[in-house]
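One structure is given below, encoded as structure tokens.
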Amino acid sequence: MPRYKRRLSDRQDELLDGIYNTARTTGKLKDRRQLKRFLCEYYRNISEDDVREHSPATLASAALAHLAHGFRVHDGEHRLRIYNPTMAEHGWQSSRTVVELVHENMPFLVDSVGMTLDRLGYAIELTVHPLLRGERTAKGQFRRIHARDATTGRIESFIRMEIRRETRPDRIDALSAAIEDTLRDVRAAVRDWEPMQTRMAQAIDR
């Protein structure tokens with residue numbers, strides 16, 4: 001392996017180790033092995049340059065806040081939250097407004113939410129988009145988080161986007177409503193997408 005690739009890999013490992021070492025075990029993930037797996041999967045595609053403004057402790061707490069928000073999700077549901085994190089309420093703080101989503105994995109989610117934010121004039125400062133493979137109970141609670149290449153569980157899309165700070169409740173409500181509209185459009189498009197491909201293939205065959 002080229003030396004520069006090893007250095008990048010080492011830096012990524014150091015970043016993930018730093019995040020894990022500062023993370024506190026929560027009631028959501030009491031097993032330290034599960035906690036490490038979650039954090040490594042959550043930040044596996046993030047480079048040190050992307051998050052240099054955040055300390056490892058902040059990154060760990062932000063990820064765990066996202067997990068807590070999406071810890072209970074029933075089939076067919078999703079969780080959207082737009083908030084300004086504070087230490088007292090969320091266990092971490094930021095000068096930015098955070099858009100968090102937990103949704104069944106499907107195409108077009110990240111691009112569609114990003115385009116909605118852009119259309120409304122919100123530049124995206126950071127995007128974290130892990131695909132987490134997990135098992136949930138009948139009540140929708142996370143039971144276990146698996147490695148990405150496991151064959152059990154289902155993949156869910158965790159999306160966190162940080163935008164310039166928005167403090168007006170009416171604008172946050174409008175932003176939330178716009179994203180919900182976008183998500184409905186995405187689900188409708190994805191439902192129609194595969195049947196349309198099948199019909200098109202059948203038409204070509206005929």
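Note on naming: chains are A, B, ... as they come in the structure tokens, residues start from 1 per chain, ligands start from 1 in the order shown.
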>> With only C-alpha atoms as the counted atoms, please give the residues lying no more than 7 Å from Tyr20 in chain A, apart from itself and same-chain residues fewer than 4 positions off, as a PyMOL selection string.
In response: chain A and resi 16+36+39+60
Restrict the selected residues to N, CA and C atoms and save them as a PDB file, in the first residue's frame.
```pdb
ATOM      1  N   LEU A  16     -11.040   8.107  14.933  1.00  0.00           N
ATOM      2  CA  LEU A  16     -12.093   7.247  15.477  1.00  0.00           C
ATOM      3  C   LEU A  16     -11.765   6.810  16.901  1.00  0.00           C
ATOM      4  N   LYS A  36     -18.579   1.277  20.434  1.00  0.00           N
ATOM      5  CA  LYS A  36     -17.468   1.488  19.499  1.00  0.00           C
ATOM      6  C   LYS A  36     -17.902   1.217  18.072  1.00  0.00           C
ATOM      7  N   LEU A  39     -20.021   4.228  16.815  1.00  0.00           N
ATOM      8  CA  LEU A  39     -19.241   5.426  16.525  1.00  0.00           C
ATOM      9  C   LEU A  39     -18.356   5.248  15.302  1.00  0.00           C
ATOM     10  N   ALA A  60     -18.361  12.704  19.538  1.00  0.00           N
ATOM     11  CA  ALA A  60     -18.979  11.550  20.190  1.00  0.00           C
ATOM     12  C   ALA A  60     -20.370  11.901  20.709  1.00  0.00           C
TER      13      ALA A  60
END
```
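Proximity to Thr152 in chain A at 9 Å, evaluated using only C-alpha atoms and with sequence-adjacent residues fewer than 2 positions away removed, yields A:Arg133, A:Gly134, A:Glu135, A:His146, A:Ala150, A:Arg154.
Of the listed residues (A:Gly121, A:Leu35, A:Glu41, A:Gly27), A:Gly121 comes nearest to Arg171 in chain A; the distances count only C-alpha atoms.
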Contacts between range 104-108 of chain A and range 46-80 of chain A, please, where a residue of range 46-80 of chain A counts if it comes within 9 Å (with only C-alpha atoms); show its shortest atom pair and distance in Å to one decimal, rows by chain and ascending number, as CSV.
```
residue,atom,partner,partner_atom,distance
A:Asp75,CA,A:Glu104,CA,8.4
A:Gly76,CA,A:Glu104,CA,7.7
A:Glu77,CA,A:Glu104,CA,8.1
A:His78,CA,A:Glu104,CA,7.2
```
Would you save the residues from that selection as a short mmCIF file (atom, residue, chain, number, x, y, z; two decimals), in the first residue's frame, using N, CA and C atoms?
```cif
data_model
loop_
_atom_site.label_atom_id
_atom_site.label_comp_id
_atom_site.auth_asym_id
_atom_site.auth_seq_id
_atom_site.Cartn_x
_atom_site.Cartn_y
_atom_site.Cartn_z
N ASP A 75 -41.53 0.61 12.04
CA ASP A 75 -41.51 0.38 10.59
C ASP A 75 -42.40 1.40 9.89
N GLY A 76 -41.89 1.94 8.80
CA GLY A 76 -42.66 2.90 8.03
C GLY A 76 -42.60 4.32 8.56
N GLU A 77 -41.93 4.52 9.71
CA GLU A 77 -41.80 5.85 10.27
C GLU A 77 -40.38 6.39 10.05
N HIS A 78 -40.20 7.67 10.35
CA HIS A 78 -38.87 8.26 10.33
C HIS A 78 -38.82 9.31 11.42
#
```
> Could you pull out all residues of range 90-153 of chain A with a DSSP call of helix (DSSP H, G or I) and give them as a list in words?
Replying inline: His90, Leu109, Val110, Asp111, Ser112, Val113, Gly114, Met115, Thr116, Leu117, Asp118 and Arg119 of chain A
Hey, can you spit out that residue selection with all heavy atoms as an mmCIF file, in the first residue's frame?
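Output (out_31.cif):
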```cif
data_model
loop_
_atom_site.group_PDB
_atom_site.id
_atom_site.type_symbol
_atom_site.label_atom_id
_atom_site.label_comp_id
_atom_site.auth_asym_id
_atom_site.auth_seq_id
_atom_site.Cartn_x
_atom_site.Cartn_y
_atom_site.Cartn_z
ATOM 1 N N HIS A 90 -29.002 18.524 25.214
ATOM 2 C CA HIS A 90 -28.623 17.511 24.234
ATOM 3 C C HIS A 90 -27.265 16.865 24.484
ATOM 4 O O HIS A 90 -26.899 15.931 23.791
ATOM 5 C CB HIS A 90 -28.612 18.128 22.823
ATOM 6 C CG HIS A 90 -29.879 18.855 22.489
ATOM 7 N ND1 HIS A 90 -29.978 20.228 22.523
ATOM 8 C CD2 HIS A 90 -31.107 18.388 22.134
ATOM 9 C CE1 HIS A 90 -31.207 20.594 22.195
ATOM 10 N NE2 HIS A 90 -31.914 19.506 21.956
ATOM 11 N N LEU A 109 -32.045 10.380 -0.875
ATOM 12 C CA LEU A 109 -32.357 11.080 0.371
ATOM 13 C C LEU A 109 -31.424 12.274 0.612
ATOM 14 O O LEU A 109 -31.885 13.400 0.833
ATOM 15 C CB LEU A 109 -32.263 10.117 1.567
ATOM 16 C CG LEU A 109 -33.457 9.205 1.835
ATOM 17 C CD1 LEU A 109 -33.125 8.253 2.976
ATOM 18 C CD2 LEU A 109 -34.703 10.016 2.152
ATOM 19 N N VAL A 110 -30.121 12.016 0.598
ATOM 20 C CA VAL A 110 -29.169 13.075 0.936
ATOM 21 C C VAL A 110 -29.253 14.216 -0.069
ATOM 22 O O VAL A 110 -29.325 15.395 0.310
ATOM 23 C CB VAL A 110 -27.733 12.519 1.001
ATOM 24 C CG1 VAL A 110 -26.730 13.648 1.203
ATOM 25 C CG2 VAL A 110 -27.603 11.517 2.138
ATOM 26 N N ASP A 111 -29.241 13.889 -1.356
ATOM 27 C CA ASP A 111 -29.294 14.936 -2.375
ATOM 28 C C ASP A 111 -30.586 15.737 -2.278
ATOM 29 O O ASP A 111 -30.577 16.973 -2.441
ATOM 30 C CB ASP A 111 -29.172 14.326 -3.771
ATOM 31 C CG ASP A 111 -27.766 13.807 -4.049
ATOM 32 O OD1 ASP A 111 -26.846 14.204 -3.322
ATOM 33 O OD2 ASP A 111 -27.607 13.008 -4.984
ATOM 34 N N SER A 112 -31.691 15.063 -2.019
ATOM 35 C CA SER A 112 -32.982 15.756 -1.972
ATOM 36 C C SER A 112 -33.075 16.697 -0.778
ATOM 37 O O SER A 112 -33.539 17.837 -0.902
ATOM 38 C CB SER A 112 -34.125 14.739 -1.942
ATOM 39 O OG SER A 112 -34.127 13.952 -3.112
ATOM 40 N N VAL A 113 -32.641 16.226 0.386
ATOM 41 C CA VAL A 113 -32.651 17.097 1.566
ATOM 42 C C VAL A 113 -31.684 18.259 1.357
ATOM 43 O O VAL A 113 -31.989 19.413 1.678
ATOM 44 C CB VAL A 113 -32.284 16.304 2.834
ATOM 45 C CG1 VAL A 113 -32.122 17.253 4.033
ATOM 46 C CG2 VAL A 113 -33.360 15.268 3.142
ATOM 47 N N GLY A 114 -30.507 17.969 0.796
ATOM 48 C CA GLY A 114 -29.534 19.024 0.530
ATOM 49 C C GLY A 114 -30.071 20.078 -0.424
ATOM 50 O O GLY A 114 -29.858 21.286 -0.224
ATOM 51 N N MET A 115 -30.767 19.647 -1.474
ATOM 52 C CA MET A 115 -31.329 20.609 -2.430
ATOM 53 C C MET A 115 -32.423 21.458 -1.794
ATOM 54 O O MET A 115 -32.576 22.637 -2.115
ATOM 55 C CB MET A 115 -31.856 19.871 -3.663
ATOM 56 C CG MET A 115 -30.759 19.360 -4.580
ATOM 57 S SD MET A 115 -31.361 18.702 -6.160
ATOM 58 C CE MET A 115 -32.234 17.233 -5.608
ATOM 59 N N THR A 116 -33.182 20.860 -0.877
ATOM 60 C CA THR A 116 -34.217 21.628 -0.177
ATOM 61 C C THR A 116 -33.584 22.716 0.683
ATOM 62 O O THR A 116 -34.037 23.867 0.689
ATOM 63 C CB THR A 116 -35.072 20.696 0.700
ATOM 64 O OG1 THR A 116 -35.696 19.714 -0.137
ATOM 65 C CG2 THR A 116 -36.143 21.476 1.444
ATOM 66 N N LEU A 117 -32.524 22.356 1.408
ATOM 67 C CA LEU A 117 -31.827 23.352 2.222
ATOM 68 C C LEU A 117 -31.256 24.468 1.353
ATOM 69 O O LEU A 117 -31.369 25.657 1.677
ATOM 70 C CB LEU A 117 -30.715 22.682 3.022
ATOM 71 C CG LEU A 117 -31.167 21.723 4.132
ATOM 72 C CD1 LEU A 117 -29.977 20.958 4.693
ATOM 73 C CD2 LEU A 117 -31.869 22.486 5.245
ATOM 74 N N ASP A 118 -30.654 24.073 0.231
ATOM 75 C CA ASP A 118 -30.064 25.072 -0.670
ATOM 76 C C ASP A 118 -31.142 25.995 -1.241
ATOM 77 O O ASP A 118 -30.958 27.214 -1.323
ATOM 78 C CB ASP A 118 -29.323 24.354 -1.793
ATOM 79 C CG ASP A 118 -28.655 25.328 -2.758
ATOM 80 O OD1 ASP A 118 -27.700 26.009 -2.347
ATOM 81 O OD2 ASP A 118 -29.102 25.410 -3.917
ATOM 82 N N ARG A 119 -32.283 25.421 -1.619
ATOM 83 C CA ARG A 119 -33.374 26.218 -2.195
ATOM 84 C C ARG A 119 -33.874 27.253 -1.206
ATOM 85 O O ARG A 119 -34.281 28.356 -1.595
ATOM 86 C CB ARG A 119 -34.511 25.281 -2.618
ATOM 87 C CG ARG A 119 -35.761 25.990 -3.113
ATOM 88 C CD ARG A 119 -36.747 25.009 -3.704
ATOM 89 N NE ARG A 119 -37.134 23.956 -2.787
ATOM 90 C CZ ARG A 119 -38.070 24.073 -1.849
ATOM 91 N NH1 ARG A 119 -38.709 25.218 -1.693
ATOM 92 N NH2 ARG A 119 -38.374 23.045 -1.065
#
```
